[in-house]
Structure formats: C-alpha cells, structure tokens
file run.txt (compact mmCIF, C-alpha atoms)
# COMPACT_ATOMS: atom_id res chain seq x y z
CA MET C 255 0.00 0.00 0.00
CA ASN C 256 1.18 3.52 -0.76
CA GLN C 257 -0.61 5.04 2.16
CA SER C 258 -0.44 3.92 5.78
CA ASP C 259 -3.51 2.12 7.04
CA SER C 260 -4.00 4.51 9.96
CA SER C 261 -4.21 7.57 7.70
CA ARG C 262 -7.27 6.28 5.86
CA ALA C 263 -10.87 6.68 6.89
CA LEU C 264 -12.43 4.04 9.13
CA GLN C 265 -14.84 2.87 6.40
CA THR C 266 -11.99 2.38 3.96
CA ARG C 267 -10.02 0.41 6.56
CA ILE C 268 -13.06 -1.82 7.19
CA VAL C 269 -13.48 -2.56 3.48
CA ASN C 270 -9.70 -2.95 2.93
CA PRO C 271 -8.47 -4.61 6.15
CA GLN C 272 -4.82 -5.32 6.88
CA ASP C 273 -5.24 -8.51 8.86
CA ASP C 274 -2.36 -9.80 10.95
CA ILE C 275 -3.10 -13.47 11.66
CA THR C 276 -0.39 -15.65 13.14
CA PRO C 277 0.41 -18.43 10.64
CA GLY C 278 0.47 -22.11 11.48
CA PHE C 279 -3.11 -22.70 12.64
CA GLU C 280 -4.30 -26.22 11.82
CA SER C 281 -7.37 -28.25 12.70
CA PHE C 282 -9.21 -31.32 11.46
CA ALA C 283 -12.01 -29.24 9.95
CA ALA C 284 -11.81 -28.26 6.28
CA PRO C 285 -11.33 -24.48 5.94
CA VAL C 286 -14.30 -22.71 4.36
CA THR C 287 -13.33 -20.34 1.56
CA ARG C 288 -16.29 -18.24 0.42
CA ALA C 289 -15.93 -16.18 -2.73
CA SER C 290 -17.69 -14.75 -5.71
CA THR C 291 -14.84 -12.48 -6.84
CA VAL C 292 -11.41 -14.03 -7.10
CA VAL C 293 -8.61 -11.44 -6.86
CA PHE C 294 -5.66 -11.63 -9.26
CA PRO C 295 -2.13 -10.35 -8.66
CA ASP C 296 -1.77 -8.74 -12.09
CA LEU C 297 -3.39 -8.46 -15.52
CA ALA C 298 -0.98 -10.95 -17.04
CA THR C 299 -2.54 -13.59 -14.78
CA VAL C 300 -6.03 -12.53 -15.85
CA ARG C 301 -5.16 -12.72 -19.54
CA GLY C 302 -3.56 -16.11 -19.09
CA LEU C 303 -6.64 -17.77 -17.57
CA ASP C 304 -7.76 -21.04 -19.16
CA TRP C 305 -11.02 -22.66 -18.05
CA LYS C 306 -9.50 -26.09 -18.75
CA ASN C 307 -6.75 -25.52 -16.18
CA ASP C 308 -7.98 -26.70 -12.78
CA ALA C 309 -4.86 -25.27 -11.13
CA GLN C 310 -6.08 -21.71 -11.79
CA TRP C 311 -8.63 -19.88 -9.63
CA ARG C 312 -10.99 -17.95 -11.86
CA TYR C 313 -14.32 -17.24 -10.18
CA GLY C 314 -16.07 -18.47 -7.06
CA LEU C 315 -18.88 -20.04 -9.09
CA HIS C 316 -16.47 -22.50 -10.69
CA ALA C 317 -14.35 -23.60 -7.74
CA THR C 318 -12.92 -22.61 -4.38
CA PRO C 319 -10.30 -24.41 -2.28
CA THR C 320 -13.16 -25.89 -0.22
CA SER C 321 -15.11 -27.25 -3.20
CA THR C 322 -11.91 -28.48 -4.84
CA MET C 323 -11.02 -30.41 -1.69
CA LEU C 324 -14.43 -32.09 -1.79
CA MET C 325 -14.17 -32.90 -5.49
CA GLN C 326 -10.78 -34.54 -5.01
CA ARG C 327 -11.98 -36.66 -2.10
CA LEU C 328 -15.12 -37.78 -3.94
CA ALA C 329 -13.13 -38.81 -7.00
CA ASP C 330 -10.82 -40.85 -4.77
CA ILE C 331 -13.74 -42.63 -3.05
CA GLU C 332 -15.41 -43.45 -6.36
CA GLY C 333 -12.20 -44.54 -8.07
CA GLY C 334 -12.39 -41.70 -10.58
CA GLU C 335 -9.99 -38.95 -11.55
CA HIS C 336 -12.20 -35.90 -12.16
CA ALA C 337 -15.25 -34.65 -10.25
CA LEU C 338 -17.66 -31.73 -10.57
CA LEU C 339 -20.15 -30.51 -7.99
CA GLN C 340 -23.76 -29.51 -8.63
CA PRO C 341 -26.41 -28.16 -6.23
CA SER C 342 -28.39 -31.45 -6.20
CA GLY C 343 -28.32 -34.99 -7.50
CA LEU C 344 -30.87 -34.04 -10.16
CA SER C 345 -28.68 -31.12 -11.20
CA SER C 346 -25.85 -33.61 -11.72
CA ILE C 347 -28.10 -35.65 -14.01
CA SER C 348 -29.06 -32.48 -15.90
CA ASN C 349 -25.41 -31.51 -16.26
CA VAL C 350 -24.68 -34.84 -17.95
CA TYR C 351 -27.58 -34.43 -20.37
CA PHE C 352 -26.74 -30.86 -21.36
CA GLY C 353 -23.03 -31.56 -21.53
CA LEU C 354 -23.23 -34.56 -23.83
CA LEU C 355 -26.44 -34.48 -25.90
CA LYS C 356 -27.81 -32.29 -28.67
CA ALA C 357 -30.93 -32.26 -30.87
CA GLY C 358 -31.21 -35.46 -32.89
CA ASP C 359 -29.41 -37.61 -30.34
CA ASP C 360 -30.95 -40.67 -28.69
CA VAL C 361 -30.68 -41.71 -25.03
CA LEU C 362 -31.65 -45.01 -23.41
CA ILE C 363 -32.99 -44.88 -19.84
CA PRO C 364 -33.82 -47.85 -17.57
CA ASP C 365 -37.51 -48.25 -16.79
CA ASN C 366 -36.83 -48.29 -13.04
CA VAL C 367 -34.89 -45.02 -13.09
CA TYR C 368 -35.16 -42.31 -10.42
CA SER C 369 -38.44 -40.60 -11.35
CA PRO C 370 -37.03 -37.08 -11.92
CA ASN C 371 -34.56 -38.59 -14.40
CA ARG C 372 -37.51 -40.06 -16.30
CA ASP C 373 -39.21 -36.66 -16.22
CA HIS C 374 -35.99 -35.14 -17.55
CA GLY C 375 -35.92 -37.58 -20.46
CA ASP C 376 -39.54 -36.81 -21.32
CA TRP C 377 -38.76 -33.07 -21.19
CA LEU C 378 -35.74 -33.40 -23.48
CA ALA C 379 -37.81 -35.42 -25.94
CA ARG C 380 -40.68 -32.95 -25.88
CA ASP C 381 -38.80 -29.65 -26.05
CA PHE C 382 -35.21 -30.30 -27.18
CA GLY C 383 -35.44 -32.77 -30.06
CA ILE C 384 -33.69 -35.59 -28.20
CA THR C 385 -35.18 -39.09 -28.35
CA ALA C 386 -35.57 -40.70 -24.94
CA ARG C 387 -36.43 -44.40 -24.85
CA TYR C 388 -36.91 -46.64 -21.81
CA TYR C 389 -35.61 -50.18 -21.49
CA ASP C 390 -36.08 -53.16 -19.19
CA PRO C 391 -33.36 -52.76 -16.54
CA MET C 392 -32.67 -56.51 -16.65
CA ILE C 393 -31.98 -56.51 -20.39
CA GLY C 394 -28.22 -57.03 -20.04
CA ALA C 395 -26.41 -57.56 -23.34
CA GLY C 396 -29.80 -57.57 -25.07
CA ILE C 397 -29.60 -53.78 -25.05
CA GLU C 398 -27.64 -54.10 -28.27
CA ALA C 399 -30.93 -54.53 -30.14
CA LEU C 400 -32.04 -51.08 -28.97
CA ILE C 401 -28.97 -49.13 -30.05
CA ARG C 402 -29.42 -46.84 -33.04
CA PRO C 403 -26.86 -44.79 -34.95
CA GLN C 404 -28.16 -41.74 -33.06
CA THR C 405 -27.76 -43.36 -29.61
CA LYS C 406 -25.20 -41.33 -27.67
CA LEU C 407 -25.90 -42.18 -24.03
CA ILE C 408 -27.16 -45.09 -21.94
CA TRP C 409 -28.21 -44.46 -18.36
CA LEU C 410 -27.97 -47.14 -15.69
CA GLU C 411 -29.15 -47.26 -12.10
CA ALA C 412 -27.74 -49.97 -9.87
CA PRO C 413 -29.93 -51.01 -8.27
CA GLY C 414 -33.18 -49.20 -9.04
CA SER C 415 -33.65 -46.98 -6.01
CA VAL C 416 -37.30 -48.02 -5.52
CA THR C 417 -37.71 -51.48 -7.03
CA MET C 418 -34.13 -52.67 -6.36
CA GLU C 419 -33.40 -54.62 -9.56
CA VAL C 420 -29.64 -54.95 -10.07
CA PRO C 421 -28.66 -54.73 -13.75
CA ASP C 422 -25.78 -56.57 -15.37
CA VAL C 423 -23.65 -53.44 -15.62
CA PRO C 424 -20.60 -55.01 -17.33
CA ALA C 425 -22.79 -56.59 -20.01
CA ILE C 426 -24.43 -53.26 -20.82
CA THR C 427 -21.21 -51.25 -20.78
CA ALA C 428 -19.46 -53.80 -23.01
CA VAL C 429 -22.16 -53.39 -25.65
CA ALA C 430 -22.05 -49.61 -25.28
CA ARG C 431 -18.29 -49.50 -25.81
CA LYS C 432 -18.62 -51.76 -28.86
CA HIS C 433 -20.93 -49.14 -30.40
CA ASN C 434 -19.08 -46.06 -29.06
CA VAL C 435 -22.01 -45.13 -26.83
CA LEU C 436 -21.33 -43.40 -23.51
CA THR C 437 -22.70 -44.78 -20.26
CA ALA C 438 -23.68 -42.90 -17.10
CA ILE C 439 -24.81 -44.47 -13.86
CA ASP C 440 -26.75 -43.17 -10.89
CA ASN C 441 -24.58 -44.70 -8.18
CA THR C 442 -26.25 -42.96 -5.24
CA TRP C 443 -27.52 -46.21 -3.70
CA SER C 444 -24.00 -47.49 -3.02
CA ALA C 445 -22.51 -44.06 -2.19
CA GLY C 446 -19.48 -45.05 -4.25
CA LEU C 447 -18.54 -47.41 -1.43
CA ALA C 448 -20.22 -50.70 -2.33
CA PHE C 449 -19.97 -50.49 -6.13
CA LYS C 450 -17.08 -49.17 -8.22
CA PRO C 451 -18.60 -48.26 -11.60
CA PHE C 452 -15.37 -47.47 -13.45
CA ASP C 453 -14.10 -50.98 -12.75
CA HIS C 454 -17.17 -52.26 -14.64
CA GLY C 455 -16.84 -50.12 -17.76
CA VAL C 456 -19.01 -47.12 -16.84
CA ASP C 457 -17.92 -43.74 -18.23
CA ILE C 458 -19.65 -41.34 -15.81
CA SER C 459 -20.94 -41.79 -12.28
CA VAL C 460 -23.54 -39.50 -10.72
CA GLN C 461 -23.95 -39.21 -6.97
CA ALA C 462 -26.54 -37.42 -4.85
CA LEU C 463 -24.32 -36.17 -2.03
CA THR C 464 -27.55 -35.29 -0.25
CA LYS C 465 -27.59 -38.88 0.97
CA TYR C 466 -24.87 -40.78 2.87
CA GLN C 467 -22.07 -38.33 2.08
CA SER C 468 -23.82 -35.61 4.03
CA GLY C 469 -25.49 -37.94 6.52
CA GLY C 470 -27.37 -35.12 8.20
CA SER C 471 -30.50 -34.77 6.02
CA ASP C 472 -29.65 -31.08 5.75
CA VAL C 473 -27.58 -30.60 2.56
CA LEU C 474 -28.54 -30.68 -1.12
CA MET C 475 -25.65 -31.45 -3.48
CA GLY C 476 -24.63 -33.73 -6.32
CA ALA C 477 -21.50 -34.81 -8.15
CA THR C 478 -20.48 -36.13 -11.54
CA ILE C 479 -17.30 -38.20 -11.57
CA THR C 480 -15.30 -39.70 -14.42
CA ARG C 481 -11.89 -41.02 -15.35
CA ASP C 482 -12.04 -39.50 -18.84
CA ARG C 483 -10.64 -35.97 -19.07
CA ASP C 484 -12.39 -35.17 -22.36
CA LEU C 485 -15.76 -36.13 -20.87
CA TYR C 486 -14.93 -34.13 -17.77
CA LEU C 487 -14.21 -31.02 -19.85
CA LYS C 488 -17.47 -31.38 -21.82
CA ILE C 489 -19.49 -31.60 -18.60
CA LYS C 490 -17.44 -28.81 -17.03
CA LEU C 491 -18.11 -26.49 -19.99
CA ALA C 492 -21.85 -27.16 -19.77
CA ARG C 493 -21.69 -26.51 -16.03
CA MET C 494 -20.05 -23.14 -16.66
CA ARG C 495 -22.57 -22.17 -19.34
CA LEU C 496 -25.50 -23.16 -17.14
CA GLY C 497 -24.07 -21.14 -14.25
CA ILE C 498 -24.10 -24.09 -11.87
CA GLY C 499 -22.34 -23.62 -8.57
CA VAL C 500 -22.33 -24.83 -4.96
CA SER C 501 -21.86 -23.15 -1.61
CA SER C 502 -18.54 -23.57 0.18
CA ASP C 503 -20.50 -23.82 3.43
CA ASP C 504 -22.46 -26.78 2.03
CA CYS C 505 -19.21 -28.32 0.79
CA SER C 506 -17.81 -28.08 4.31
CA LEU C 507 -20.84 -29.94 5.67
CA VAL C 508 -20.34 -32.78 3.18
CA LEU C 509 -16.61 -32.84 3.94
CA ARG C 510 -17.51 -33.14 7.62
CA GLY C 511 -19.65 -36.22 6.85
CA LEU C 512 -17.14 -38.13 4.71
CA PRO C 513 -14.87 -39.53 7.46
CA SER C 514 -17.80 -41.32 9.12
CA MET C 515 -19.60 -42.28 5.90
CA LYS C 516 -18.41 -45.88 5.60
CA VAL C 517 -18.97 -46.55 9.30
CA ARG C 518 -22.52 -45.23 8.99
CA PHE C 519 -23.14 -47.05 5.69
CA ASP C 520 -22.07 -50.36 7.23
CA ALA C 521 -24.29 -49.77 10.28
CA HIS C 522 -27.28 -49.03 8.04
CA ASP C 523 -26.44 -52.15 6.02
CA ARG C 524 -26.35 -54.49 9.04
CA ALA C 525 -29.60 -53.23 10.52
CA ALA C 526 -31.42 -53.19 7.17
CA LEU C 527 -30.38 -56.74 6.36
CA SER C 528 -31.52 -57.97 9.77
CA LEU C 529 -34.90 -56.24 9.53
CA ALA C 530 -35.35 -57.42 5.94
CA GLN C 531 -34.70 -61.02 6.97
CA TRP C 532 -37.38 -60.70 9.66
CA LEU C 533 -39.89 -58.97 7.36
CA LYS C 534 -39.44 -61.69 4.74
CA THR C 535 -40.91 -64.19 7.22
CA ARG C 536 -44.06 -62.14 7.78
CA SER C 537 -47.26 -63.31 6.11
CA GLU C 538 -48.17 -59.72 5.22
CA ILE C 539 -45.17 -59.50 2.86
CA ALA C 540 -45.47 -61.04 -0.59
CA ALA C 541 -41.97 -60.17 -1.84
CA MET C 542 -38.72 -58.88 -0.37
CA LEU C 543 -36.84 -56.56 -2.74
CA HIS C 544 -33.39 -56.40 -1.22
CA PRO C 545 -30.46 -57.20 -3.55
CA ALA C 546 -28.80 -59.42 -0.95
CA PHE C 547 -31.75 -61.86 -1.18
CA GLU C 548 -31.68 -64.56 -3.87
CA ASP C 549 -35.19 -63.84 -5.14
CA CYS C 550 -34.48 -60.15 -5.77
CA PRO C 551 -34.02 -59.58 -9.54
CA GLY C 552 -30.32 -59.31 -10.33
CA HIS C 553 -29.14 -60.84 -7.05
CA GLU C 554 -26.43 -62.72 -8.94
CA PHE C 555 -25.03 -59.43 -10.25
CA TYR C 556 -25.21 -57.89 -6.79
CA LYS C 557 -23.29 -60.82 -5.36
CA ARG C 558 -20.68 -60.54 -8.11
CA ASP C 559 -20.21 -56.77 -8.24
CA PHE C 560 -21.22 -55.24 -4.88
CA THR C 561 -19.69 -55.29 -1.40
CA GLY C 562 -22.66 -53.98 0.59
CA ALA C 563 -26.18 -52.63 0.45
CA GLY C 564 -26.65 -49.74 2.87
CA GLY C 565 -30.01 -49.02 4.46
CA LEU C 566 -32.49 -48.97 1.57
CA PHE C 567 -34.81 -51.81 0.52
CA SER C 568 -38.42 -52.36 -0.53
CA VAL C 569 -41.16 -54.87 0.17
CA VAL C 570 -44.34 -55.76 -1.69
CA PHE C 571 -47.34 -56.31 0.56
CA ASP C 572 -49.79 -59.11 -0.07
CA GLU C 573 -52.45 -58.01 -2.53
CA ARG C 574 -55.19 -58.62 0.02
CA TYR C 575 -54.25 -55.27 1.54
CA SER C 576 -55.64 -52.23 -0.26
CA PRO C 577 -53.53 -49.15 -1.04
CA ALA C 578 -55.56 -47.31 1.62
CA GLN C 579 -54.59 -49.92 4.21
CA ILE C 580 -50.92 -49.63 3.24
CA ASP C 581 -51.13 -45.85 3.52
CA ALA C 582 -52.57 -46.26 7.01
CA PHE C 583 -49.75 -48.68 7.88
CA CYS C 584 -47.11 -46.16 6.79
CA GLU C 585 -48.78 -43.30 8.64
CA SER C 586 -49.09 -45.35 11.82
CA LEU C 587 -45.33 -45.89 12.08
CA GLU C 588 -43.81 -43.73 14.80
CA LEU C 589 -40.07 -44.06 14.17
CA PHE C 590 -40.29 -44.02 10.38
CA ALA C 591 -40.91 -40.58 8.90
CA LEU C 592 -42.64 -40.11 5.54
CA GLY C 593 -39.91 -38.79 3.26
CA TRP C 594 -37.75 -39.46 0.21
CA SER C 595 -34.22 -38.27 0.75
CA TRP C 596 -32.60 -41.13 2.62
CA GLY C 597 -29.03 -41.29 3.86
CA GLY C 598 -29.45 -39.57 7.22
CA ALA C 599 -29.85 -40.88 10.76
CA ARG C 600 -33.67 -41.04 10.74
CA SER C 601 -35.56 -43.98 9.29
CA LEU C 602 -38.02 -43.35 6.44
CA VAL C 603 -40.90 -45.10 4.71
CA MET C 604 -42.84 -44.41 1.50
CA PRO C 605 -45.47 -46.35 -0.52
CA TYR C 606 -45.35 -46.44 -4.34
CA ASP C 607 -47.70 -47.36 -7.18
CA ILE C 608 -45.07 -49.01 -9.39
CA ALA C 609 -47.36 -50.07 -12.24
CA SER C 610 -48.06 -46.42 -13.02
CA MET C 611 -44.31 -45.71 -13.21
CA ARG C 612 -43.42 -48.32 -15.85
CA THR C 613 -43.60 -48.17 -19.64
CA ALA C 614 -41.03 -50.71 -20.89
CA ALA C 615 -40.94 -53.51 -18.33
CA SER C 616 -43.87 -55.35 -16.80
CA TRP C 617 -44.31 -55.24 -13.04
CA PRO C 618 -44.98 -58.79 -11.76
CA TYR C 619 -46.56 -57.94 -8.39
CA ARG C 620 -50.14 -56.93 -7.62
CA GLY C 621 -49.63 -55.70 -4.07
CA THR C 622 -48.44 -52.24 -3.00
CA LEU C 623 -44.71 -51.60 -2.77
CA VAL C 624 -43.32 -49.87 0.31
CA ARG C 625 -39.74 -48.65 0.48
CA PHE C 626 -37.97 -48.63 3.85
CA TYR C 627 -34.86 -46.71 4.75
CA ILE C 628 -33.30 -48.03 7.93
CA GLY C 629 -31.66 -45.26 9.91
CA LEU C 630 -29.46 -45.33 12.99
CA GLU C 631 -32.13 -45.90 15.62
CA ASP C 632 -31.91 -49.02 17.76
CA GLU C 633 -32.84 -52.00 15.60
CA ALA C 634 -35.11 -53.56 18.25
CA ASP C 635 -37.11 -50.34 18.47
CA LEU C 636 -37.53 -50.19 14.71
CA ARG C 637 -38.70 -53.80 14.60
CA ALA C 638 -41.21 -53.18 17.38
CA ASP C 639 -42.53 -50.14 15.54
CA ILE C 640 -43.04 -52.10 12.31
CA GLU C 641 -44.61 -55.02 14.18
CA ARG C 642 -47.09 -52.74 15.90
CA ALA C 643 -48.01 -51.09 12.60
CA LEU C 644 -48.42 -54.47 10.89
CA ALA C 645 -50.91 -55.43 13.58
CA THR C 646 -53.13 -52.57 12.42
CA LEU C 647 -53.57 -54.33 9.06
CA ALA C 648 -55.49 -57.12 10.77
call {"tool": "encode", "arguments": {"input": "run.txt", "output": "structure tokens"}}
result
Amino acid sequence: MNQSDSSRALQTRIVNPQDDITPGFESFAAPVTRASTVVFPDLATVRGLDWKNDAQWRYGLHATPTSTMLMQRLADIEGGEHALLQPSGLSSISNVYFGLLKAGDDVLIPDNVYSPNRDHGDWLARDFGITARYYDPMIGAGIEALIRPQTKLIWLEAPGSVTMEVPDVPAITAVARKHNVLTAIDNTWSAGLAFKPFDHGVDISVQALTKYQSGGSDVLMGATITRDRDLYLKIKLARMRLGIGVSSDDCSLVLRGLPSMKVRFDAHDRAALSLAQWLKTRSEIAAMLHPAFEDCPGHEFYKRDFTGAGGLFSVVFDERYSPAQIDAFCESLELFALGWSWGGARSLVMPYDIASMRTAASWPYRGTLVRFYIGLEDEADLRADIERALATLA
C-alpha cells in the first residue's frame, strides 16, 4: 500500500483490512473459503486464464479451495480422476444431459430409473429434439438390439432406487463401448462405497451427495465423476454455461460427513439386512426386494459386483391389503418418517404405485410396494414399531 492504514478513513479500513493473523493454525475441519470475486495479482494472470486448467482460480462459481477439496476426495472414493459438484443430484443428471447431448441424439434410460430422471428424459424429448427411450433394466447384453446410430448415451441405475433390480452393468457397458455409446450411472444407492462403476466399464458416475455423504438430512448437493478428461471437460463447460455452482458452506458440511460415511453405511447395512430377513418371514409381505436376497431380480449381479447394500430396501405387501390400508400402515409408524431423501440418521418409509411408473418392463406384483430406509435408531425399536403397525392391518 502507498498510504499507511492509519491515515485512511475508518470505512476504507473496514473494506480494505490489513489482517495480521499468526500463521500455522491447523485443525481437522476443512477451511471454508467463500468467494464470488477471485482477486488476481496482475493483468498478465487474468489474460492467461484457461477454463480447462484446474490449477487456476478464476471465479467463485467455478471452484474454491473448499469445493476443490471435496471434489478430489469424492473422485478418490469413487475410483475416478475428475469430479464436478452440482447443487443437487438431479442437477448432476441435468449436467450430464446438457453436456453430452444435442438435438437429434438418442438416449436409453432404464424403466426403473429415479423418477425425476424419467421426467428429464420426457422433457428433453418434448422440447429439445432428443429421443428418450426406456428399457427393461434386466436386459443385459440384449440392449444391443435397442442401439441406433443416433444413440449417444445409456443411463444405468444400480440397483433401481425403488424397485431394487440390479442390472448386469458389465454386459451393458461392453455393448455400449462396442458401439461407441457413452454410459452414465446413478450410483447414489452405493454411495461409491459398495460399487465401483469405473471398474465395470461405466464412463460417468452421478452421486446425490444429499444422501450418505452428508449424513445429516440437511444438505442438497450432487456430483459427476469420471476417469475420462475429455468427458470431464465437456461436462465442465456445460456446467459453466449453465451457471451451476455450490456453496462452500455446504461443501464443508459434506466434507464433515465423509470420514464417518463408511462406518454409517455399514451400520445401516447391518440393521437393514436384519430387519429385511425378519420382514421376509411375515405373512403380510409377498416379496422382499433387497439385492442381498436370492429372489431379488439381479441378485447374482449384486453378489458378483457389490460389497454392501446400505439401508435402503423395498417390500411388496400381499395383494389382500388395499392401497388405503398400506397408507394407514405407513402413517401409523412412529419411528419411520414419511420422506424421500434417505441417507441420514432417521428412518423413512414411502409407498409407491409401481405399475403407473413403468412403460417398458412389466411389473410382476399386484400388491403395494413400500420402500424402507433403515436409519441409525436401535434395531429392536424399529422392529417393534413395524410389528405394531403391521398389527393394524389385521
């Protein structure tokens, strides 16, 4: 500075502080760097900026040290090399679509896909000239018959987050690579812990960090992760053009949750498996849709490719119970809240009308499906709560 700090007006000194902080402070918490404007040392630096260079700080929307720390850690967990953050899991899905597809392209989407992804496909088909077609998630290598010259992207979801079918991911990705078609997977169910998509031929993995990564049911965020730098740059450019960004404060909350994520995931997994085994013996339950069970579609692929299941599974009630009775069952539960965004400490429950959600694959069950998310409450208390609510069906 050309002028001493003390000679300037108080307001100027407040806006232009000369902080004197002793260096060397360290803690376990990730530092939070908030910024819109990034300050440059000189104009030569400004004129040398390249959006492809991740080592350069350009603007707070694109990256901060806090968000970059999170991106690096997520890529490491998933087994990828490049990660981008979006403000929600759905935003991550959107980023993939707008980064890779254009009018005239064709995309294949599994029939059991996360419902907002299906809505997205319908929207792209209606308003953007992109063909969206839905396929039986258990099609495996048979997906080759659906590929057209215009097919540019195949979505996968492993397993389906409501109906729990586990697709043969390597079979689908092998066909896709044969035809130079990109693949993207919604890997939220496994949190990148229990399934490593890049080891099975997937090009892009999408995660809803809202779930296990946060663990607190209080953060919305998503990520796209890849090993391919060219794909990464295409998605990054679309992200920039769409003006997508995330809060450093939210990044710090997700960073705070990562060290305990696997411990929590494993605890959810153990309790969910135990409760699922008990529920399977109940006469009220017609089908158990948990990938660890042999009669769940795709169990053989789960056993081959996965190392755990987390806290999410579904059941199909006997058809003698009406949808109204199942609604009453769900509402009578005391420890299970009615909600969608699983991954936190609280248990959740939600009924679904699956037949109305399918267009490409038949649904073999006549009873109502109910999805359970098993939280971190005491397992005996959760079982007692379900047992009491089941008694109301009688």
call {"tool": "closest_atom_pairs", "arguments": {"input": "run.txt", "of": "segment 611-648 of chain C", "to": "segment 563-578 of chain C", "cutoff": "7 Å", "atoms": "all atoms listed in the file", "output": "tab-separated table"}}
result
residue	atom	partner	partner_atom	distance
C:Arg620	CA	C:Glu573	CA	5.7
C:Gly621	CA	C:Glu573	CA	4.0
C:Thr622	CA	C:Phe571	CA	5.5
C:Leu623	CA	C:Val570	CA	4.3
C:Val624	CA	C:Val569	CA	5.4
C:Arg625	CA	C:Ser568	CA	4.1
C:Phe626	CA	C:Phe567	CA	5.6
C:Tyr627	CA	C:Leu566	CA	4.6
C:Ile628	CA	C:Gly565	CA	4.9
C:Gly629	CA	C:Gly565	CA	6.8
call {"tool": "residues_around", "arguments": {"input": "run.txt", "residues": "segment 276-282 of chain C", "least_positions_apart": "6", "cutoff": "12 Å", "atoms": "all atoms listed in the file", "output": "list in words"}}
result
Ser506, Leu509, Arg510 and Pro513 of chain C
call {"tool": "atom_distance", "arguments": {"input": "run.txt", "atom1": "atom CA of Gly414 of chain C", "atom2": "atom CA of Gly446 of chain C"}}
result
15.1 Å
call {"tool": "residues_around", "arguments": {"input": "run.txt", "residues": "Lys488 of chain C", "least_positions_apart": "3", "cutoff": "7 Å", "atoms": "all atoms listed in the file", "output": "number ranges by chain"}}
result
C: 353-354, 484-485, 491-492
call {"tool": "residues_around", "arguments": {"input": "run.txt", "residues": "Val429 of chain C", "least_positions_apart": "5", "cutoff": "12 Å", "atoms": "only C-alpha atoms", "output": "number ranges by chain"}}
result
C: 393-401, 407-408, 422-424, 434-437, 455-456
call {"tool": "closest_atom_pairs", "arguments": {"input": "run.txt", "of": "segment 322-415 of chain C", "to": "segment 586-595 of chain C", "cutoff": "12 Å", "atoms": "only C-alpha atoms", "output": "tab-separated table"}}
result
residue	atom	partner	partner_atom	distance
C:Ser342	CA	C:Ser595	CA	11.3
C:Gly343	CA	C:Ser595	CA	10.7
C:Tyr368	CA	C:Trp594	CA	11.3
C:Ser369	CA	C:Trp594	CA	11.6
C:Ser415	CA	C:Trp594	CA	10.6
call {"tool": "write_last_selection", "arguments": {"input": "run.txt", "atoms": "C-alpha atoms", "output": "mmCIF file, keeping the file's coordinate frame"}}
result
data_model
loop_
_atom_site.group_PDB
_atom_site.id
_atom_site.type_symbol
_atom_site.label_atom_id
_atom_site.label_comp_id
_atom_site.auth_asym_id
_atom_site.auth_seq_id
_atom_site.Cartn_x
_atom_site.Cartn_y
_atom_site.Cartn_z
ATOM 1 C CA SER C 342 -28.390 -31.450 -6.200
ATOM 2 C CA GLY C 343 -28.320 -34.990 -7.500
ATOM 3 C CA TYR C 368 -35.160 -42.310 -10.420
ATOM 4 C CA SER C 369 -38.440 -40.600 -11.350
ATOM 5 C CA SER C 415 -33.650 -46.980 -6.010
#
call {"tool": "residues_near_point", "arguments": {"input": "run.txt", "point": "(-18.8, -58.6, -7.6)", "cutoff": "12 Å", "atoms": "all atoms listed in the file", "output": "PDB file with C-alpha atoms, in the coordinates of the input"}}
result
ATOM      1  CA  VAL C 420     -29.640 -54.950 -10.070  1.00  0.00           C
ATOM      2  CA  ASP C 422     -25.780 -56.570 -15.370  1.00  0.00           C
ATOM      3  CA  VAL C 423     -23.650 -53.440 -15.620  1.00  0.00           C
ATOM      4  CA  PRO C 424     -20.600 -55.010 -17.330  1.00  0.00           C
ATOM      5  CA  ALA C 448     -20.220 -50.700  -2.330  1.00  0.00           C
ATOM      6  CA  PHE C 449     -19.970 -50.490  -6.130  1.00  0.00           C
ATOM      7  CA  LYS C 450     -17.080 -49.170  -8.220  1.00  0.00           C
ATOM      8  CA  PRO C 451     -18.600 -48.260 -11.600  1.00  0.00           C
ATOM      9  CA  ASP C 453     -14.100 -50.980 -12.750  1.00  0.00           C
ATOM     10  CA  HIS C 454     -17.170 -52.260 -14.640  1.00  0.00           C
ATOM     11  CA  GLY C 552     -30.320 -59.310 -10.330  1.00  0.00           C
ATOM     12  CA  HIS C 553     -29.140 -60.840  -7.050  1.00  0.00           C
ATOM     13  CA  GLU C 554     -26.430 -62.720  -8.940  1.00  0.00           C
ATOM     14  CA  PHE C 555     -25.030 -59.430 -10.250  1.00  0.00           C
ATOM     15  CA  TYR C 556     -25.210 -57.890  -6.790  1.00  0.00           C
ATOM     16  CA  LYS C 557     -23.290 -60.820  -5.360  1.00  0.00           C
ATOM     17  CA  ARG C 558     -20.680 -60.540  -8.110  1.00  0.00           C
ATOM     18  CA  ASP C 559     -20.210 -56.770  -8.240  1.00  0.00           C
ATOM     19  CA  PHE C 560     -21.220 -55.240  -4.880  1.00  0.00           C
ATOM     20  CA  THR C 561     -19.690 -55.290  -1.400  1.00  0.00           C
ATOM     21  CA  GLY C 562     -22.660 -53.980   0.590  1.00  0.00           C
TER      22      GLY C 562
END
call {"tool": "residues_around", "arguments": {"input": "run.txt", "residues": "Ile640 of chain C", "least_positions_apart": "2", "cutoff": "12 Å", "atoms": "only C-alpha atoms", "output": "number ranges by chain"}}
result
C: 529-530, 532-533, 536, 538, 583-590, 601-603, 626, 628, 633-638, 642-647
call {"tool": "closest_residue", "arguments": {"input": "run.txt", "among": "C:Leu527, C:Ala599, C:Met604, C:Ala648", "to": "Gln579 of chain C", "atoms": "all atoms listed in the file"}}
result
C:Ala648
